[in-house]
Amino acid sequence: MTTTMANSMTDNDNEPLSPERVRRGRRVALLLFVIGFGPMLLATVMYYTGWLNPAGHVNYGSLVQPLVPVSQLNLIGTDGKRLADRFTVPTANRQWLMLTTAEGCAQTCESLLYLSRQVNVALGKDANRVARAAYLTELTLSQQQRLGAEYEAVEMLRRGGRDPVWPDAINPAAGPRILLVDPLGHVMMQYTPDNSGEDMLKDIKRLLKLSQLG
């Protein structure tokens with residue numbers, strides 16, 4: 001009897017999947033996707049359209065439209081790996097990212113670095129949901145050393161094999177910016193030196209509240 005049961009189990013395992021089992025597998029995969037990424041996608045739709053927001057659609061930074069994948073920026077982290085991999089590898093620790101960009105780093109650029117640090121601190125218990133990085137070109141050696149010491153929690157990114165392709169209307173050579181990258185790896189918003197720390201803090205708090213991813 002034991003032998004018969006074992007043979008029966010083996011035969012069943014070797015049978016081709018029935019259409020019903022295939023459909024069931026697809027439904028399970030879709031459900032897992034919705035559970036994992038649904039809240040983030042819903043948050044993005046709500047943020048861009050103001051849907052289900054009785055106060056209307058309000059944001060202080062400028063929306064990047066269309067969304068730009070961070071892979072387009074062609075940046076590499078201090079670990080030597082592509083920045084984009086942090087948003088695509090299934091086991092990655094997904095976070096929001098405040099990315100400061102500038103050519104050189106004069107007073108305005110340093111003000112944005114300081115601003116991103118203050119916003120991160122003001123997030124309190126949610127601070128670990130938002131990382132900080134910078135892509136700064138044309139720095140002198142003394143600038144690199146000083147900024148690295150003063151903003152040691154900011155990861156200094158470098159160019160990959162190709163030049164970065166920035167979103168429309170964004171050019172670090174023309175003026176420093178803070179770019180906000182969502183946990184799915186999309187550059188979705190930008191802040192100029194005209195934006196205050198309160199502007200950024202309100203936007204990011206609202207996004208974190210809407211999103212369960214990152």
# chains A, B, ... in the order shown; residues from 1 in each chain; ligands from 1
>>> select_by_dssp(residues="range 99-180 of chain A", states="alpha helix (DSSP H)", output="PyMOL selection string")
chain A and resi 107-122+141-150
>>> residues_around(residues="Ala122 in chain A", least_positions_apart="4", cutoff="10 Å", atoms="only C-alpha atoms", output="count of residues only")
9
>>> residues_around(residues="Thr88 in chain A", least_positions_apart="6", cutoff="12 Å", atoms="only C-alpha atoms", output="list of chain:residue names")
A:Pro69, A:Val70, A:Ser71, A:Arg82, A:Arg94, A:Gln95, A:Asp182, A:Pro183, A:Leu184, A:Gly185, A:His186
>>> atom_distance(atom1="CA of Ile178 in chain A", atom2="CA of Thr101 in chain A")
6.3 Å
>>> atom_distance(atom1="CA of Leu207 in chain A", atom2="CA of Ala173 in chain A")
28.7 Å
>>> residues_around(residues="Met189 in chain A", least_positions_apart="2", cutoff="6 Å", atoms="only C-alpha atoms", output="PyMOL selection string")
chain A and resi 62-64+179-180
>>> atom_distance(atom1="CA of Gly80 in chain A", atom2="CA of Gln145 in chain A")
19.4 Å
>>> residues_around(residues="Leu157 in chain A", least_positions_apart="4", cutoff="6 Å", atoms="only C-alpha atoms", output="list in words")
Ile76, Gly77, Ala134 and Tyr135 of chain A
>>> closest_residue(among="A:Tyr191, A:Gln72, A:Leu113, A:Thr108", to="Glu150 in chain A", atoms="only C-alpha atoms")
A:Leu113
>>> residues_around(residues="Cys109 in chain A", least_positions_apart="2", cutoff="10 Å", atoms="only C-alpha atoms", output="PyMOL selection string")
chain A and resi 100-107+111-115+136+175-178+192-193
>>> write_last_selection(atoms="N, CA and C atoms", output="PDB file, in the first residue's frame")
ATOM      1  N   THR A 100      21.079  65.031  -4.181  1.00  0.00           N
ATOM      2  CA  THR A 100      21.525  66.396  -4.471  1.00  0.00           C
ATOM      3  C   THR A 100      22.462  66.359  -5.675  1.00  0.00           C
ATOM      4  N   THR A 101      22.196  67.192  -6.674  1.00  0.00           N
ATOM      5  CA  THR A 101      23.025  67.233  -7.879  1.00  0.00           C
ATOM      6  C   THR A 101      23.514  68.659  -8.112  1.00  0.00           C
ATOM      7  N   ALA A 102      24.761  68.785  -8.522  1.00  0.00           N
ATOM      8  CA  ALA A 102      25.319  70.110  -8.811  1.00  0.00           C
ATOM      9  C   ALA A 102      26.653  69.950  -9.520  1.00  0.00           C
ATOM     10  N   GLU A 103      27.011  70.948 -10.283  1.00  0.00           N
ATOM     11  CA  GLU A 103      28.349  71.016 -10.855  1.00  0.00           C
ATOM     12  C   GLU A 103      29.151  71.958  -9.970  1.00  0.00           C
ATOM     13  N   GLY A 104      30.198  71.400  -9.350  1.00  0.00           N
ATOM     14  CA  GLY A 104      30.869  72.157  -8.302  1.00  0.00           C
ATOM     15  C   GLY A 104      29.960  72.143  -7.083  1.00  0.00           C
ATOM     16  N   CYS A 105      30.362  72.796  -6.031  1.00  0.00           N
ATOM     17  CA  CYS A 105      29.457  72.873  -4.878  1.00  0.00           C
ATOM     18  C   CYS A 105      29.730  74.171  -4.130  1.00  0.00           C
ATOM     19  N   ALA A 106      29.126  75.235  -4.652  1.00  0.00           N
ATOM     20  CA  ALA A 106      29.248  76.542  -4.015  1.00  0.00           C
ATOM     21  C   ALA A 106      28.237  76.640  -2.883  1.00  0.00           C
ATOM     22  N   GLN A 107      27.995  77.840  -2.412  1.00  0.00           N
ATOM     23  CA  GLN A 107      27.154  78.047  -1.236  1.00  0.00           C
ATOM     24  C   GLN A 107      25.739  77.487  -1.418  1.00  0.00           C
ATOM     25  N   SER A 111      23.958  74.579   0.756  1.00  0.00           N
ATOM     26  CA  SER A 111      22.696  74.842   1.450  1.00  0.00           C
ATOM     27  C   SER A 111      21.710  73.698   1.223  1.00  0.00           C
ATOM     28  N   LEU A 112      21.710  73.130   0.006  1.00  0.00           N
ATOM     29  CA  LEU A 112      20.819  72.011  -0.279  1.00  0.00           C
ATOM     30  C   LEU A 112      21.261  70.748   0.460  1.00  0.00           C
ATOM     31  N   LEU A 113      22.567  70.530   0.569  1.00  0.00           N
ATOM     32  CA  LEU A 113      23.059  69.389   1.344  1.00  0.00           C
ATOM     33  C   LEU A 113      22.617  69.511   2.800  1.00  0.00           C
ATOM     34  N   TYR A 114      22.745  70.722   3.321  1.00  0.00           N
ATOM     35  CA  TYR A 114      22.329  70.975   4.710  1.00  0.00           C
ATOM     36  C   TYR A 114      20.815  70.795   4.852  1.00  0.00           C
ATOM     37  N   LEU A 115      20.091  71.283   3.866  1.00  0.00           N
ATOM     38  CA  LEU A 115      18.628  71.185   3.889  1.00  0.00           C
ATOM     39  C   LEU A 115      18.169  69.725   3.904  1.00  0.00           C
ATOM     40  N   LEU A 136      28.087  65.225  -7.345  1.00  0.00           N
ATOM     41  CA  LEU A 136      28.701  66.551  -7.445  1.00  0.00           C
ATOM     42  C   LEU A 136      29.936  66.449  -8.331  1.00  0.00           C
ATOM     43  N   GLY A 175      22.300  74.672 -12.393  1.00  0.00           N
ATOM     44  CA  GLY A 175      21.867  75.005 -11.037  1.00  0.00           C
ATOM     45  C   GLY A 175      21.661  73.757 -10.215  1.00  0.00           C
ATOM     46  N   PRO A 176      22.000  73.798  -8.929  1.00  0.00           N
ATOM     47  CA  PRO A 176      21.834  72.619  -8.068  1.00  0.00           C
ATOM     48  C   PRO A 176      20.366  72.280  -7.840  1.00  0.00           C
ATOM     49  N   ARG A 177      20.105  71.015  -7.628  1.00  0.00           N
ATOM     50  CA  ARG A 177      18.755  70.516  -7.392  1.00  0.00           C
ATOM     51  C   ARG A 177      18.809  69.396  -6.353  1.00  0.00           C
ATOM     52  N   ILE A 178      17.679  69.155  -5.725  1.00  0.00           N
ATOM     53  CA  ILE A 178      17.471  67.924  -4.969  1.00  0.00           C
ATOM     54  C   ILE A 178      16.406  67.139  -5.715  1.00  0.00           C
ATOM     55  N   THR A 192      14.331  73.079  -5.914  1.00  0.00           N
ATOM     56  CA  THR A 192      15.353  74.069  -6.221  1.00  0.00           C
ATOM     57  C   THR A 192      15.718  74.802  -4.928  1.00  0.00           C
ATOM     58  N   PRO A 193      16.745  75.643  -4.981  1.00  0.00           N
ATOM     59  CA  PRO A 193      17.091  76.435  -3.794  1.00  0.00           C
ATOM     60  C   PRO A 193      15.963  77.348  -3.317  1.00  0.00           C
TER      61      PRO A 193
END
>>> residues_around(residues="Leu73 in chain A", least_positions_apart="6", cutoff="12 Å", atoms="only C-alpha atoms", output="list in words")
Arg82, Leu83, Ala84, Leu99, Thr101, Tyr135, Leu157, Arg158, Arg159, Gly160, Gly161, Arg162, Asp163, Pro164, Val165, Trp166, Pro167, Ile170, Asn171, Pro172, Leu179, Val181, Gly185, His186 and Val187 of chain A
>>> write_last_selection(atoms="N, CA, C and O atoms", output="compact mmCIF listing (two decimals), in the first residue's frame")
# COMPACT_ATOMS: atom_id res chain seq x y z
N ARG A 82 25.73 49.68 -9.54
CA ARG A 82 24.82 50.67 -10.11
C ARG A 82 23.77 51.08 -9.09
O ARG A 82 23.20 50.24 -8.39
N LEU A 83 23.51 52.37 -9.04
CA LEU A 83 22.47 52.88 -8.14
C LEU A 83 21.13 52.24 -8.49
O LEU A 83 20.34 51.91 -7.59
N ALA A 84 20.87 52.03 -9.77
CA ALA A 84 19.59 51.48 -10.21
C ALA A 84 19.33 50.09 -9.63
O ALA A 84 18.17 49.71 -9.42
N LEU A 99 18.44 63.02 -3.63
CA LEU A 99 19.68 63.08 -4.40
C LEU A 99 20.01 64.52 -4.76
O LEU A 99 19.31 65.16 -5.53
N THR A 101 22.20 67.19 -6.67
CA THR A 101 23.03 67.23 -7.88
C THR A 101 23.51 68.66 -8.11
O THR A 101 22.76 69.62 -7.94
N TYR A 135 25.45 63.72 -6.23
CA TYR A 135 26.30 63.60 -7.42
C TYR A 135 26.83 65.00 -7.71
O TYR A 135 26.11 65.85 -8.21
N LEU A 157 27.98 59.75 -5.04
CA LEU A 157 27.87 58.92 -6.23
C LEU A 157 28.82 59.40 -7.32
O LEU A 157 29.27 60.55 -7.31
N ARG A 158 29.11 58.51 -8.26
CA ARG A 158 29.94 58.89 -9.40
C ARG A 158 29.31 58.40 -10.69
O ARG A 158 28.38 57.58 -10.68
N ARG A 159 29.83 58.92 -11.78
CA ARG A 159 29.29 58.58 -13.11
C ARG A 159 29.64 57.14 -13.47
O ARG A 159 30.73 56.65 -13.17
N GLY A 160 28.68 56.47 -14.12
CA GLY A 160 28.93 55.12 -14.61
C GLY A 160 29.67 55.17 -15.94
O GLY A 160 30.42 56.10 -16.22
N GLY A 161 29.43 54.20 -16.78
CA GLY A 161 30.14 54.14 -18.06
C GLY A 161 29.70 55.20 -19.05
O GLY A 161 30.44 55.52 -19.98
N ARG A 162 28.52 55.76 -18.85
CA ARG A 162 28.00 56.78 -19.77
C ARG A 162 27.63 58.03 -18.98
O ARG A 162 27.42 57.99 -17.77
N ASP A 163 27.53 59.14 -19.69
CA ASP A 163 27.10 60.38 -19.05
C ASP A 163 25.66 60.24 -18.57
O ASP A 163 24.83 59.60 -19.23
N PRO A 164 25.35 60.86 -17.43
CA PRO A 164 23.95 60.83 -16.95
C PRO A 164 23.01 61.49 -17.95
O PRO A 164 23.37 62.48 -18.59
N VAL A 165 21.82 60.93 -18.07
CA VAL A 165 20.77 61.55 -18.89
C VAL A 165 19.73 62.07 -17.91
O VAL A 165 18.97 61.31 -17.33
N TRP A 166 19.68 63.38 -17.75
CA TRP A 166 18.83 63.97 -16.73
C TRP A 166 17.42 64.20 -17.25
O TRP A 166 17.21 64.34 -18.46
N PRO A 167 16.44 64.25 -16.35
CA PRO A 167 15.07 64.58 -16.78
C PRO A 167 15.01 65.94 -17.45
O PRO A 167 15.91 66.79 -17.26
N ILE A 170 16.17 69.67 -16.13
CA ILE A 170 17.09 69.50 -15.02
C ILE A 170 18.50 69.39 -15.58
O ILE A 170 18.79 68.51 -16.40
N ASN A 171 19.35 70.29 -15.17
CA ASN A 171 20.74 70.30 -15.62
C ASN A 171 21.61 70.77 -14.45
O ASN A 171 21.62 71.95 -14.12
N PRO A 172 22.33 69.85 -13.81
CA PRO A 172 23.15 70.23 -12.65
C PRO A 172 24.13 71.36 -12.95
O PRO A 172 24.47 72.15 -12.06
N LEU A 179 16.75 65.93 -6.12
CA LEU A 179 15.80 65.07 -6.81
C LEU A 179 15.28 64.04 -5.82
O LEU A 179 16.05 63.46 -5.04
N VAL A 181 13.67 60.42 -5.40
CA VAL A 181 13.51 59.15 -6.10
C VAL A 181 12.63 58.24 -5.24
O VAL A 181 12.89 58.07 -4.04
N GLY A 185 12.36 53.31 -7.90
CA GLY A 185 13.44 53.77 -8.77
C GLY A 185 13.05 54.78 -9.81
O GLY A 185 13.62 54.82 -10.89
N HIS A 186 12.06 55.65 -9.48
CA HIS A 186 11.65 56.70 -10.41
C HIS A 186 12.00 58.07 -9.83
O HIS A 186 11.65 58.37 -8.69
N VAL A 187 12.66 58.90 -10.64
CA VAL A 187 12.85 60.30 -10.27
C VAL A 187 11.49 60.97 -10.45
O VAL A 187 10.99 61.07 -11.57
>>> decode(residues="range 94-135 of chain A", atoms="C-alpha atoms", output="PDB file, in the first residue's frame")
ATOM      1  CA  ARG A  94      13.974  49.815  -0.799  1.00  0.00           C
ATOM      2  CA  GLN A  95      14.102  53.403   0.408  1.00  0.00           C
ATOM      3  CA  TRP A  96      13.163  56.830  -0.836  1.00  0.00           C
ATOM      4  CA  LEU A  97      16.213  58.841  -1.906  1.00  0.00           C
ATOM      5  CA  MET A  98      17.032  62.541  -1.724  1.00  0.00           C
ATOM      6  CA  LEU A  99      19.681  63.075  -4.401  1.00  0.00           C
ATOM      7  CA  THR A 100      21.525  66.396  -4.471  1.00  0.00           C
ATOM      8  CA  THR A 101      23.025  67.233  -7.879  1.00  0.00           C
ATOM      9  CA  ALA A 102      25.319  70.110  -8.811  1.00  0.00           C
ATOM     10  CA  GLU A 103      28.349  71.016 -10.855  1.00  0.00           C
ATOM     11  CA  GLY A 104      30.869  72.157  -8.302  1.00  0.00           C
ATOM     12  CA  CYS A 105      29.457  72.873  -4.878  1.00  0.00           C
ATOM     13  CA  ALA A 106      29.248  76.542  -4.015  1.00  0.00           C
ATOM     14  CA  GLN A 107      27.154  78.047  -1.236  1.00  0.00           C
ATOM     15  CA  THR A 108      23.801  77.203  -2.836  1.00  0.00           C
ATOM     16  CA  CYS A 109      24.773  73.560  -3.286  1.00  0.00           C
ATOM     17  CA  GLU A 110      25.971  73.304   0.306  1.00  0.00           C
ATOM     18  CA  SER A 111      22.696  74.842   1.450  1.00  0.00           C
ATOM     19  CA  LEU A 112      20.819  72.011  -0.279  1.00  0.00           C
ATOM     20  CA  LEU A 113      23.059  69.389   1.344  1.00  0.00           C
ATOM     21  CA  TYR A 114      22.329  70.975   4.710  1.00  0.00           C
ATOM     22  CA  LEU A 115      18.628  71.185   3.889  1.00  0.00           C
ATOM     23  CA  SER A 116      18.381  67.490   3.022  1.00  0.00           C
ATOM     24  CA  ARG A 117      20.080  66.611   6.300  1.00  0.00           C
ATOM     25  CA  GLN A 118      17.691  68.743   8.330  1.00  0.00           C
ATOM     26  CA  VAL A 119      14.664  67.286   6.544  1.00  0.00           C
ATOM     27  CA  ASN A 120      15.932  63.768   7.198  1.00  0.00           C
ATOM     28  CA  VAL A 121      16.381  64.506  10.904  1.00  0.00           C
ATOM     29  CA  ALA A 122      12.921  66.095  11.095  1.00  0.00           C
ATOM     30  CA  LEU A 123      11.340  62.861   9.813  1.00  0.00           C
ATOM     31  CA  GLY A 124      12.017  61.323  13.214  1.00  0.00           C
ATOM     32  CA  LYS A 125      11.083  57.641  13.340  1.00  0.00           C
ATOM     33  CA  ASP A 126      10.697  57.600   9.543  1.00  0.00           C
ATOM     34  CA  ALA A 127      14.220  58.923   8.912  1.00  0.00           C
ATOM     35  CA  ASN A 128      15.530  55.469   8.016  1.00  0.00           C
ATOM     36  CA  ARG A 129      12.992  55.240   5.184  1.00  0.00           C
ATOM     37  CA  VAL A 130      14.795  58.019   3.303  1.00  0.00           C
ATOM     38  CA  ALA A 131      18.429  57.840   2.202  1.00  0.00           C
ATOM     39  CA  ARG A 132      20.622  60.736   1.086  1.00  0.00           C
ATOM     40  CA  ALA A 133      23.125  60.857  -1.758  1.00  0.00           C
ATOM     41  CA  ALA A 134      24.860  63.432  -3.945  1.00  0.00           C
ATOM     42  CA  TYR A 135      26.304  63.601  -7.419  1.00  0.00           C
TER      43      TYR A 135
END
